[in-house]
>>> print(open('work_4.cif').read())   # mmCIF, C-alpha atoms and all ligand atoms
data_target
#
loop_
_atom_site.group_PDB
_atom_site.id
_atom_site.type_symbol
_atom_site.label_atom_id
_atom_site.label_comp_id
_atom_site.auth_asym_id
_atom_site.auth_seq_id
_atom_site.Cartn_x
_atom_site.Cartn_y
_atom_site.Cartn_z
ATOM 1 C CA MET A 183 9.137 19.362 31.525
ATOM 2 C CA LYS A 184 12.587 18.206 30.523
ATOM 3 C CA ASN A 185 12.759 15.952 33.568
ATOM 4 C CA THR A 186 9.344 14.508 32.907
ATOM 5 C CA LEU A 187 10.452 13.779 29.386
ATOM 6 C CA HIS A 188 13.611 12.076 30.595
ATOM 7 C CA ALA A 189 11.636 9.956 33.024
ATOM 8 C CA LEU A 190 9.268 8.968 30.263
ATOM 9 C CA VAL A 191 12.111 8.010 27.993
ATOM 10 C CA TRP A 192 13.597 5.827 30.718
ATOM 11 C CA LEU A 193 10.312 4.140 31.439
ATOM 12 C CA THR A 194 9.889 3.515 27.762
ATOM 13 C CA LEU A 195 13.336 2.068 27.318
ATOM 14 C CA LEU A 196 12.569 -0.349 30.134
ATOM 15 C CA ALA A 197 9.343 -1.320 28.432
ATOM 16 C CA VAL A 198 11.111 -1.827 25.101
ATOM 17 C CA GLY A 199 13.013 -4.730 26.650
ATOM 18 C CA ALA A 200 9.920 -6.841 26.040
ATOM 19 C CA PRO A 201 10.061 -8.848 22.806
ATOM 20 C CA GLU A 202 8.272 -7.177 19.935
ATOM 21 C CA VAL A 203 6.252 -8.897 17.266
ATOM 22 C CA SER A 204 7.952 -8.051 14.015
ATOM 23 C CA ALA A 205 5.999 -7.751 10.808
ATOM 24 C CA GLY A 206 7.933 -8.903 7.741
ATOM 25 C CA PRO A 207 9.665 -6.291 5.618
ATOM 26 C CA PRO A 208 7.288 -4.085 3.584
ATOM 27 C CA PRO A 209 6.287 -5.535 0.171
ATOM 28 C CA ALA A 210 8.040 -2.887 -1.951
ATOM 29 C CA TYR A 211 11.226 -3.464 0.050
ATOM 30 C CA GLU A 212 11.030 -7.211 -0.510
ATOM 31 C CA GLY A 213 10.102 -6.611 -4.168
ATOM 32 C CA ARG A 214 13.166 -4.459 -4.679
ATOM 33 C CA ARG A 215 15.381 -7.179 -3.274
ATOM 34 C CA LEU A 216 13.961 -9.674 -5.803
ATOM 35 C CA TYR A 217 14.025 -7.129 -8.634
ATOM 36 C CA VAL A 218 17.710 -6.426 -8.077
ATOM 37 C CA SER A 219 18.528 -10.135 -8.331
ATOM 38 C CA TYR A 220 16.178 -11.240 -11.101
ATOM 39 C CA CYS A 221 14.944 -8.343 -13.213
ATOM 40 C CA GLN A 222 17.465 -5.528 -13.184
ATOM 41 C CA LEU A 223 19.821 -7.241 -15.656
ATOM 42 C CA CYS A 224 17.275 -6.727 -18.411
ATOM 43 C CA HIS A 225 15.013 -3.965 -17.129
ATOM 44 C CA GLY A 226 17.751 -1.746 -15.646
ATOM 45 C CA THR A 227 18.127 -0.310 -12.155
ATOM 46 C CA ASP A 228 15.543 2.393 -12.887
ATOM 47 C CA GLY A 229 13.129 0.059 -14.732
ATOM 48 C CA LYS A 230 13.469 1.975 -17.976
ATOM 49 C CA GLY A 231 14.928 -0.961 -19.868
ATOM 50 C CA SER A 232 18.627 -0.290 -20.152
ATOM 51 C CA GLY A 233 19.937 -3.368 -18.369
ATOM 52 C CA PRO A 234 23.218 -4.860 -19.651
ATOM 53 C CA LEU A 235 21.632 -8.225 -20.531
ATOM 54 C CA ALA A 236 18.986 -6.547 -22.676
ATOM 55 C CA LYS A 237 21.786 -4.838 -24.567
ATOM 56 C CA ALA A 238 23.767 -8.048 -24.951
ATOM 57 C CA MET A 239 20.680 -9.990 -26.113
ATOM 58 C CA GLN A 240 19.581 -7.103 -28.330
ATOM 59 C CA ILE A 241 16.041 -7.307 -27.016
ATOM 60 C CA ASP A 242 13.614 -4.485 -26.540
ATOM 61 C CA VAL A 243 12.412 -4.640 -22.942
ATOM 62 C CA ALA A 244 9.505 -2.516 -21.856
ATOM 63 C CA ASP A 245 9.888 0.753 -19.932
ATOM 64 C CA LEU A 246 8.286 -0.451 -16.720
ATOM 65 C CA THR A 247 8.048 3.072 -15.276
ATOM 66 C CA THR A 248 5.347 3.904 -17.826
ATOM 67 C CA THR A 249 3.714 0.639 -18.964
ATOM 68 C CA VAL A 250 2.985 -0.752 -15.513
ATOM 69 C CA ARG A 251 0.737 2.183 -14.579
ATOM 70 C CA SER A 252 -2.019 1.057 -16.933
ATOM 71 C CA ARG A 253 -1.901 -2.598 -15.933
ATOM 72 C CA SER A 254 -3.931 -4.275 -13.218
ATOM 73 C CA ASP A 255 -2.324 -6.550 -10.637
ATOM 74 C CA THR A 256 -4.006 -9.532 -12.319
ATOM 75 C CA ILE A 257 -2.424 -8.751 -15.694
ATOM 76 C CA LEU A 258 0.973 -8.075 -14.133
ATOM 77 C CA THR A 259 0.782 -11.417 -12.324
ATOM 78 C CA LYS A 260 0.102 -13.133 -15.645
ATOM 79 C CA ILE A 261 2.944 -11.297 -17.361
ATOM 80 C CA ILE A 262 5.430 -12.117 -14.596
ATOM 81 C CA THR A 263 4.488 -15.744 -13.952
ATOM 82 C CA GLY A 264 3.691 -16.546 -17.569
ATOM 83 C CA GLU A 265 0.610 -18.383 -16.360
ATOM 84 C CA GLY A 266 -2.400 -17.239 -18.336
ATOM 85 C CA ARG A 267 -0.437 -14.886 -20.572
ATOM 86 C CA GLN A 268 -2.406 -16.346 -23.487
ATOM 87 C CA THR A 269 -5.640 -15.005 -21.985
ATOM 88 C CA ILE A 270 -4.424 -11.396 -21.926
ATOM 89 C CA THR A 271 -6.458 -9.437 -24.410
ATOM 90 C CA GLY A 272 -6.665 -6.037 -26.039
ATOM 91 C CA ARG A 273 -4.040 -3.451 -25.251
ATOM 92 C CA ASP A 274 -2.036 -5.956 -23.254
ATOM 93 C CA ARG A 275 -1.859 -8.490 -26.029
ATOM 94 C CA HIS A 276 1.625 -7.536 -27.218
ATOM 95 C CA ASN A 277 3.075 -9.169 -24.142
ATOM 96 C CA LEU A 278 2.372 -12.505 -25.753
ATOM 97 C CA LEU A 279 4.727 -11.747 -28.539
ATOM 98 C CA SER A 280 8.084 -11.708 -26.835
ATOM 99 C CA ALA A 281 9.443 -14.927 -25.405
ATOM 100 C CA ALA A 282 12.425 -12.919 -24.165
ATOM 101 C CA MET A 283 10.506 -12.081 -20.977
ATOM 102 C CA PRO A 284 11.024 -15.249 -18.914
ATOM 103 C CA GLU A 285 8.108 -17.069 -17.236
ATOM 104 C CA TRP A 286 8.807 -16.981 -13.512
ATOM 105 C CA LYS A 287 6.041 -19.265 -12.230
ATOM 106 C CA ASP A 288 8.361 -21.842 -10.691
ATOM 107 C CA VAL A 289 10.652 -19.227 -9.176
ATOM 108 C CA PHE A 290 8.337 -17.067 -7.054
ATOM 109 C CA ASP A 291 5.415 -17.819 -4.767
ATOM 110 C CA GLU A 292 2.315 -15.633 -4.641
ATOM 111 C CA THR A 293 3.673 -13.335 -1.921
ATOM 112 C CA GLN A 294 6.856 -12.739 -3.866
ATOM 113 C CA VAL A 295 4.935 -11.881 -7.041
ATOM 114 C CA LYS A 296 2.860 -9.406 -5.024
ATOM 115 C CA ALA A 297 6.067 -7.915 -3.623
ATOM 116 C CA LEU A 298 7.523 -7.558 -7.128
ATOM 117 C CA ILE A 299 4.354 -5.799 -8.278
ATOM 118 C CA ALA A 300 4.545 -3.444 -5.276
ATOM 119 C CA TYR A 301 8.071 -2.497 -6.308
ATOM 120 C CA LEU A 302 7.077 -2.034 -9.976
ATOM 121 C CA ARG A 303 4.323 0.305 -8.766
ATOM 122 C CA PHE A 304 6.922 2.166 -6.732
ATOM 123 C CA LEU A 305 9.158 2.525 -9.821
ATOM 124 C CA GLY A 306 6.201 3.825 -11.797
ATOM 125 C CA SER A 307 4.963 6.357 -9.274
ATOM 126 C CA THR A 308 7.822 7.637 -7.141
ATOM 127 C CA LYS A 309 8.974 11.198 -7.610
ATOM 128 C CA HIS A 310 12.165 10.581 -5.675
ATOM 129 C CA ASP A 311 15.090 8.278 -6.419
ATOM 130 C CA LEU A 312 16.311 5.851 -3.804
ATOM 131 C CA MET A 313 19.386 7.602 -2.485
ATOM 132 C CA GLY A 314 20.907 4.984 -0.158
ATOM 133 C CA ASP A 315 20.906 1.265 0.576
ATOM 134 C CA PRO A 316 17.454 0.275 1.900
ATOM 135 C CA LYS A 317 18.921 -2.854 3.479
ATOM 136 C CA VAL A 318 21.046 -0.732 5.780
ATOM 137 C CA GLY A 319 17.999 1.503 6.232
ATOM 138 C CA LEU A 320 15.827 -1.388 7.413
ATOM 139 C CA GLU A 321 18.292 -2.356 10.141
ATOM 140 C CA LEU A 322 18.739 1.216 11.359
ATOM 141 C CA TYR A 323 14.991 1.815 11.286
ATOM 142 C CA GLN A 324 14.342 -1.219 13.473
ATOM 143 C CA GLN A 325 17.079 -0.144 15.830
ATOM 144 C CA TYR A 326 16.345 3.572 16.210
ATOM 145 C CA CYS A 327 13.015 4.615 14.702
ATOM 146 C CA GLN A 328 10.511 1.821 15.190
ATOM 147 C CA VAL A 329 10.101 2.700 18.842
ATOM 148 C CA CYS A 330 8.165 5.843 17.833
ATOM 149 C CA HIS A 331 7.322 5.265 14.163
ATOM 150 C CA GLY A 332 6.060 1.717 14.704
ATOM 151 C CA VAL A 333 7.030 -1.720 13.429
ATOM 152 C CA GLU A 334 5.179 -1.038 10.190
ATOM 153 C CA GLY A 335 6.138 2.638 9.969
ATOM 154 C CA ASP A 336 2.589 3.901 10.378
ATOM 155 C CA GLY A 337 3.442 5.891 13.496
ATOM 156 C CA ASP A 338 2.103 3.427 16.019
ATOM 157 C CA GLY A 339 5.219 2.793 18.105
ATOM 158 C CA ILE A 340 5.568 1.979 21.788
ATOM 159 C CA MET A 341 6.723 5.481 22.706
ATOM 160 C CA THR A 342 4.025 7.052 20.577
ATOM 161 C CA ASN A 343 1.375 5.839 22.940
ATOM 162 C CA LEU A 344 3.394 6.408 26.100
ATOM 163 C CA MET A 345 4.276 9.974 25.209
ATOM 164 C CA GLY A 346 1.089 10.875 23.392
ATOM 165 C CA ILE A 347 2.965 12.104 20.327
ATOM 166 C CA MET A 348 2.057 11.918 16.652
ATOM 167 C CA PRO A 349 4.993 10.925 14.418
ATOM 168 C CA MET A 350 4.817 11.173 10.645
ATOM 169 C CA ASP A 351 3.053 8.218 9.014
ATOM 170 C CA HIS A 352 5.827 6.792 6.850
ATOM 171 C CA THR A 353 3.437 4.426 5.077
ATOM 172 C CA ASN A 354 1.398 7.280 3.620
ATOM 173 C CA PRO A 355 2.860 8.250 0.214
ATOM 174 C CA ASN A 356 1.012 11.599 0.300
ATOM 175 C CA GLU A 357 2.986 12.558 3.388
ATOM 176 C CA THR A 358 6.398 11.265 2.330
ATOM 177 C CA ASN A 359 6.163 12.224 -1.375
ATOM 178 C CA SER A 360 5.546 15.850 -0.490
ATOM 179 C CA LEU A 361 9.097 16.063 0.872
ATOM 180 C CA ASP A 362 12.148 15.597 -1.327
ATOM 181 C CA ASN A 363 15.128 13.495 -0.293
ATOM 182 C CA GLU A 364 17.113 16.464 0.987
ATOM 183 C CA ALA A 365 14.245 17.631 3.196
ATOM 184 C CA LEU A 366 13.924 14.181 4.755
ATOM 185 C CA VAL A 367 17.672 13.982 5.341
ATOM 186 C CA GLU A 368 17.585 17.364 7.032
ATOM 187 C CA SER A 369 14.683 16.442 9.312
ATOM 188 C CA ILE A 370 16.419 13.268 10.395
ATOM 189 C CA LEU A 371 19.778 14.931 11.021
ATOM 190 C CA ASP A 372 18.403 18.033 12.719
ATOM 191 C CA GLY A 373 15.109 16.806 14.165
ATOM 192 C CA LYS A 374 11.611 18.185 13.759
ATOM 193 C CA GLY A 375 9.157 19.762 16.152
ATOM 194 C CA ARG A 376 9.390 18.854 19.787
ATOM 195 C CA TYR A 377 9.710 15.086 19.749
ATOM 196 C CA MET A 378 11.421 14.056 16.528
ATOM 197 C CA PRO A 379 15.018 13.795 17.776
ATOM 198 C CA ALA A 380 18.055 15.094 15.864
ATOM 199 C CA TRP A 381 20.239 12.140 14.906
ATOM 200 C CA ARG A 382 23.356 14.084 13.940
ATOM 201 C CA GLY A 383 26.260 12.598 15.875
ATOM 202 C CA ILE A 384 24.536 9.216 16.209
ATOM 203 C CA LEU A 385 23.977 8.573 12.503
ATOM 204 C CA ASP A 386 26.173 9.751 9.631
ATOM 205 C CA GLN A 387 25.105 11.036 6.213
ATOM 206 C CA ARG A 388 25.176 7.555 4.632
ATOM 207 C CA ASP A 389 23.070 6.055 7.414
ATOM 208 C CA VAL A 390 20.501 8.780 6.961
ATOM 209 C CA GLU A 391 20.390 8.354 3.172
ATOM 210 C CA ALA A 392 19.819 4.624 3.704
ATOM 211 C CA LEU A 393 16.958 5.463 6.084
ATOM 212 C CA VAL A 394 15.373 7.808 3.570
ATOM 213 C CA SER A 395 15.348 5.129 0.886
ATOM 214 C CA TYR A 396 13.824 2.646 3.323
ATOM 215 C CA ILE A 397 11.115 5.180 4.232
ATOM 216 C CA ARG A 398 10.323 5.616 0.510
ATOM 217 C CA LEU A 399 9.771 1.868 0.167
ATOM 218 C CA LEU A 400 7.611 1.788 3.300
ATOM 219 C CA SER A 401 5.060 4.001 1.615
ATOM 220 C CA HIS A 402 4.244 1.649 -1.271
HETATM 221 C C1 LIG A 501 16.085 -11.846 -20.048
HETATM 222 C C2 LIG A 501 15.535 -10.515 -19.942
HETATM 223 C C3 LIG A 501 14.404 -10.238 -18.973
HETATM 224 C C4 LIG A 501 14.405 -10.470 -17.620
HETATM 225 C C5 LIG A 501 15.508 -11.097 -16.770
HETATM 226 C C6 LIG A 501 13.147 -9.968 -17.128
HETATM 227 N N1 LIG A 501 12.423 -9.458 -18.164
HETATM 228 FE FE1 LIG A 501 10.594 -8.572 -18.027
HETATM 229 N N2 LIG A 501 10.550 -8.285 -20.028
HETATM 230 C C7 LIG A 501 11.552 -8.644 -20.906
HETATM 231 C C8 LIG A 501 11.153 -8.292 -22.261
HETATM 232 C C9 LIG A 501 11.942 -8.528 -23.513
HETATM 233 C C10 LIG A 501 9.874 -7.701 -22.153
HETATM 234 C C11 LIG A 501 9.018 -7.115 -23.279
HETATM 235 C C12 LIG A 501 7.981 -8.131 -23.701
HETATM 236 C C13 LIG A 501 7.124 -7.547 -24.834
HETATM 237 O O1 LIG A 501 6.750 -6.377 -24.723
HETATM 238 O O2 LIG A 501 6.845 -8.273 -25.774
HETATM 239 C C14 LIG A 501 9.538 -7.721 -20.743
HETATM 240 C C15 LIG A 501 8.345 -7.242 -20.235
HETATM 241 C C16 LIG A 501 8.010 -7.204 -18.897
HETATM 242 C C17 LIG A 501 6.774 -6.686 -18.376
HETATM 243 C C18 LIG A 501 5.610 -6.124 -19.175
HETATM 244 C C19 LIG A 501 5.806 -4.688 -19.438
HETATM 245 C C20 LIG A 501 4.565 -4.086 -20.013
HETATM 246 O O3 LIG A 501 4.424 -4.062 -21.220
HETATM 247 O O4 LIG A 501 3.751 -3.656 -19.195
HETATM 248 C C21 LIG A 501 6.836 -6.796 -17.015
HETATM 249 C C22 LIG A 501 5.787 -6.369 -16.027
HETATM 250 C C23 LIG A 501 8.103 -7.415 -16.698
HETATM 251 N N3 LIG A 501 8.797 -7.662 -17.860
HETATM 252 C C24 LIG A 501 8.526 -7.697 -15.429
HETATM 253 C C25 LIG A 501 9.681 -8.388 -15.125
HETATM 254 C C26 LIG A 501 10.056 -8.794 -13.809
HETATM 255 C C27 LIG A 501 9.249 -8.498 -12.540
HETATM 256 C C28 LIG A 501 11.231 -9.450 -13.919
HETATM 257 C C29 LIG A 501 12.038 -10.109 -12.807
HETATM 258 C C30 LIG A 501 11.359 -11.087 -11.998
HETATM 259 C C31 LIG A 501 11.604 -9.450 -15.311
HETATM 260 N N4 LIG A 501 10.642 -8.799 -16.022
HETATM 261 C C32 LIG A 501 12.760 -10.001 -15.809
HETATM 262 C C33 LIG A 501 12.755 -9.228 -20.578
HETATM 263 C C34 LIG A 501 13.146 -9.608 -19.303
HETATM 264 C C1 LIG A 502 10.955 9.897 20.183
HETATM 265 C C2 LIG A 502 10.168 9.495 19.065
HETATM 266 C C3 LIG A 502 10.773 9.465 17.685
HETATM 267 C C4 LIG A 502 11.859 8.724 17.261
HETATM 268 C C5 LIG A 502 12.720 7.777 18.062
HETATM 269 C C6 LIG A 502 11.987 8.981 15.847
HETATM 270 N N1 LIG A 502 11.022 9.860 15.442
HETATM 271 FE FE1 LIG A 502 10.775 10.609 13.565
HETATM 272 N N2 LIG A 502 9.223 11.749 14.196
HETATM 273 C C7 LIG A 502 8.735 11.784 15.482
HETATM 274 C C8 LIG A 502 7.688 12.781 15.569
HETATM 275 C C9 LIG A 502 6.874 13.125 16.803
HETATM 276 C C10 LIG A 502 7.564 13.356 14.279
HETATM 277 C C11 LIG A 502 6.632 14.484 13.851
HETATM 278 C C12 LIG A 502 7.404 15.778 14.006
HETATM 279 C C13 LIG A 502 6.589 16.994 13.704
HETATM 280 O O1 LIG A 502 6.194 17.177 12.528
HETATM 281 O O2 LIG A 502 6.349 17.759 14.639
HETATM 282 C C14 LIG A 502 8.546 12.673 13.444
HETATM 283 C C15 LIG A 502 8.752 12.970 12.116
HETATM 284 C C16 LIG A 502 9.672 12.336 11.311
HETATM 285 C C17 LIG A 502 9.884 12.637 9.925
HETATM 286 C C18 LIG A 502 9.168 13.714 9.115
HETATM 287 C C19 LIG A 502 9.936 15.005 9.220
HETATM 288 C C20 LIG A 502 9.332 16.137 8.447
HETATM 289 O O3 LIG A 502 10.107 16.912 7.842
HETATM 290 O O4 LIG A 502 8.106 16.301 8.445
HETATM 291 C C21 LIG A 502 10.843 11.789 9.466
HETATM 292 C C22 LIG A 502 11.402 11.696 8.065
HETATM 293 C C23 LIG A 502 11.254 10.965 10.581
HETATM 294 N N3 LIG A 502 10.524 11.323 11.692
HETATM 295 C C24 LIG A 502 12.207 9.987 10.523
HETATM 296 C C25 LIG A 502 12.705 9.315 11.631
HETATM 297 C C26 LIG A 502 13.807 8.387 11.567
HETATM 298 C C27 LIG A 502 14.537 7.972 10.309
HETATM 299 C C28 LIG A 502 14.025 7.957 12.839
HETATM 300 C C29 LIG A 502 15.079 6.992 13.323
HETATM 301 C C30 LIG A 502 16.449 7.314 12.998
HETATM 302 C C31 LIG A 502 13.048 8.609 13.685
HETATM 303 N N4 LIG A 502 12.274 9.426 12.921
HETATM 304 C C32 LIG A 502 12.942 8.414 15.050
HETATM 305 C C33 LIG A 502 9.163 11.009 16.532
HETATM 306 C C34 LIG A 502 10.261 10.169 16.522
#
>>> encode(input="work_4.cif", output="structure tokens")
Amino acid sequence: MKNTLHALVWLTLLAVGAPEVSAGPPPAYEGRRLYVSYCQLCHGTDGKGSGPLAKAMQIDVADLTTTVRSRSDTILTKIITGEGRQTITGRDRHNLLSAAMPEWKDVFDETQVKALIAYLRFLGSTKHDLMGDPKVGLELYQQYCQVCHGVEGDGDGIMTNLMGIMPMDHTNPNETNSLDNEALVESILDGKGRYMPAWRGILDQRDVEALVSYIRLLSH
């Protein structure tokens, strides 16, 4: 069995030489990148509103981890771009009142606004903090994990089909949310089941933490 497995791995590695179509980074990942540059100063790293600029400007920014839950994508798009804010009615009307929330319509295109919303939804729903640098995680994931877990993280990798295995679907929040950060770290370092390899010795603790945070963003 071991030999068969080795042969399969070799065959696969040969096959991997072929160029792979790469999907862009997942929306929540891209959204986080934009959030860190453009929003965090006021809204804070955790979205709760304690950014240094908000303090300096003495403005009351919303706690995005709670408010965003009750807002539709359409309303959030209006709030972020500023376009059509005046048509927001009812419960959402208070957003008209503060000019301290900039209008970003000339800064972001539609895809970027969608990415930002995906990240706000992540902030509002995740049970687990991001424990490492997702940027490092993305690179490592492409290098080591994609081959089984798939370009998009849904478990549809080249080796998945060749070996007839079923990796965890990293895009499914029900699957990833049920495990805390420590459990994910442990599975990556020590392996899981028959075909999820142990990465201890290849990746260090920081690499693995970066991977865990990337996996969290994949599932939103
Ligand atoms: C200069 C400070 C500042 C920056 C930078 C900023 N915001 Fe805001 N934001 C505010 C303030 C102030 C409010 C509260 C507006 C109100 O409630 O009247 C707000 C409110 C919001 C709301 C509405 C919250 C609710 O009530 O549901 C969203 C969504 C939001 N901001 C997203 C963003 C995003 C995304 C970015 C980055 C692209 C960003 N903000 C950058 C100051 C800022
Ligand atoms: C040879 C194929 C293969 C590679 C390469 C691989 N995985 Fe997996 N992975 C699997 C399989 C199969 C499972 C399902 C294991 C099980 O539950 O039996 C899995 C499960 C997981 C799980 C869930 C573990 C749990 O506790 O349920 C995580 C997290 C994970 N992989 C992360 C990674 C990361 C990060 C990498 C890259 C560093 C990676 N995997 C590379 C095949 C692979």
>>> resolve_selection(input="work_4.cif", expression="the PyMOL selection byres (((not hetatm)) within 9 of (chain A and resi 501))", output="VMD selection string")
chain A and resid 213 216 to 225 231 233 235 to 236 239 241 to 253 257 to 263 274 to 286 289 to 290 295 298 to 299 301 to 302
>>> closest_residue(input="work_4.cif", among="A:Ser254, A:Ser232, A:Gln294, A:Asn356", to="A:Pro209", atoms="only C-alpha atoms")
A:Gln294
>>> residues_near_ligand(input="work_4.cif", ligand="ligand LIG 502 (chain A)", cutoff="8 Å", atoms="all atoms listed in the file", output="ChimeraX atom specification")
/A:322-323,325-331,341-342,347-350,352,358,361,365-370,373-379,381,385,390,393-394,397
>>> residues_around(input="work_4.cif", residues="stretch 308-314 of chain A", least_positions_apart="4", cutoff="6 Å", atoms="only C-alpha atoms", output="MDAnalysis selection string")
chainID A and resid 304 391:392 395
>>> atom_distance(input="work_4.cif", atom1="atom CA of A:Gln268", atom2="atom CA of A:Thr256")
13.2 Å
>>> closest_residue(input="work_4.cif", among="A:Ala210, A:Met345, A:Leu320, A:Ala238", to="A:Ala300", atoms="only C-alpha atoms")
A:Ala210
>>> closest_residue(input="work_4.cif", among="A:Arg398, A:Arg388, A:Arg214, A:Arg382", to="A:Pro355", atoms="all atoms listed in the file")
A:Arg398
>>> residues_around(input="work_4.cif", residues="A:Gly206", least_positions_apart="4", cutoff="12 Å", atoms="all atoms listed in the file", output="PyMOL selection string")
chain A and resi 210-212+293+297+320+324+333-335+400
>>> atom_distance(input="work_4.cif", atom1="atom CA of A:Pro208", atom2="atom CA of A:Gly337")
14.6 Å
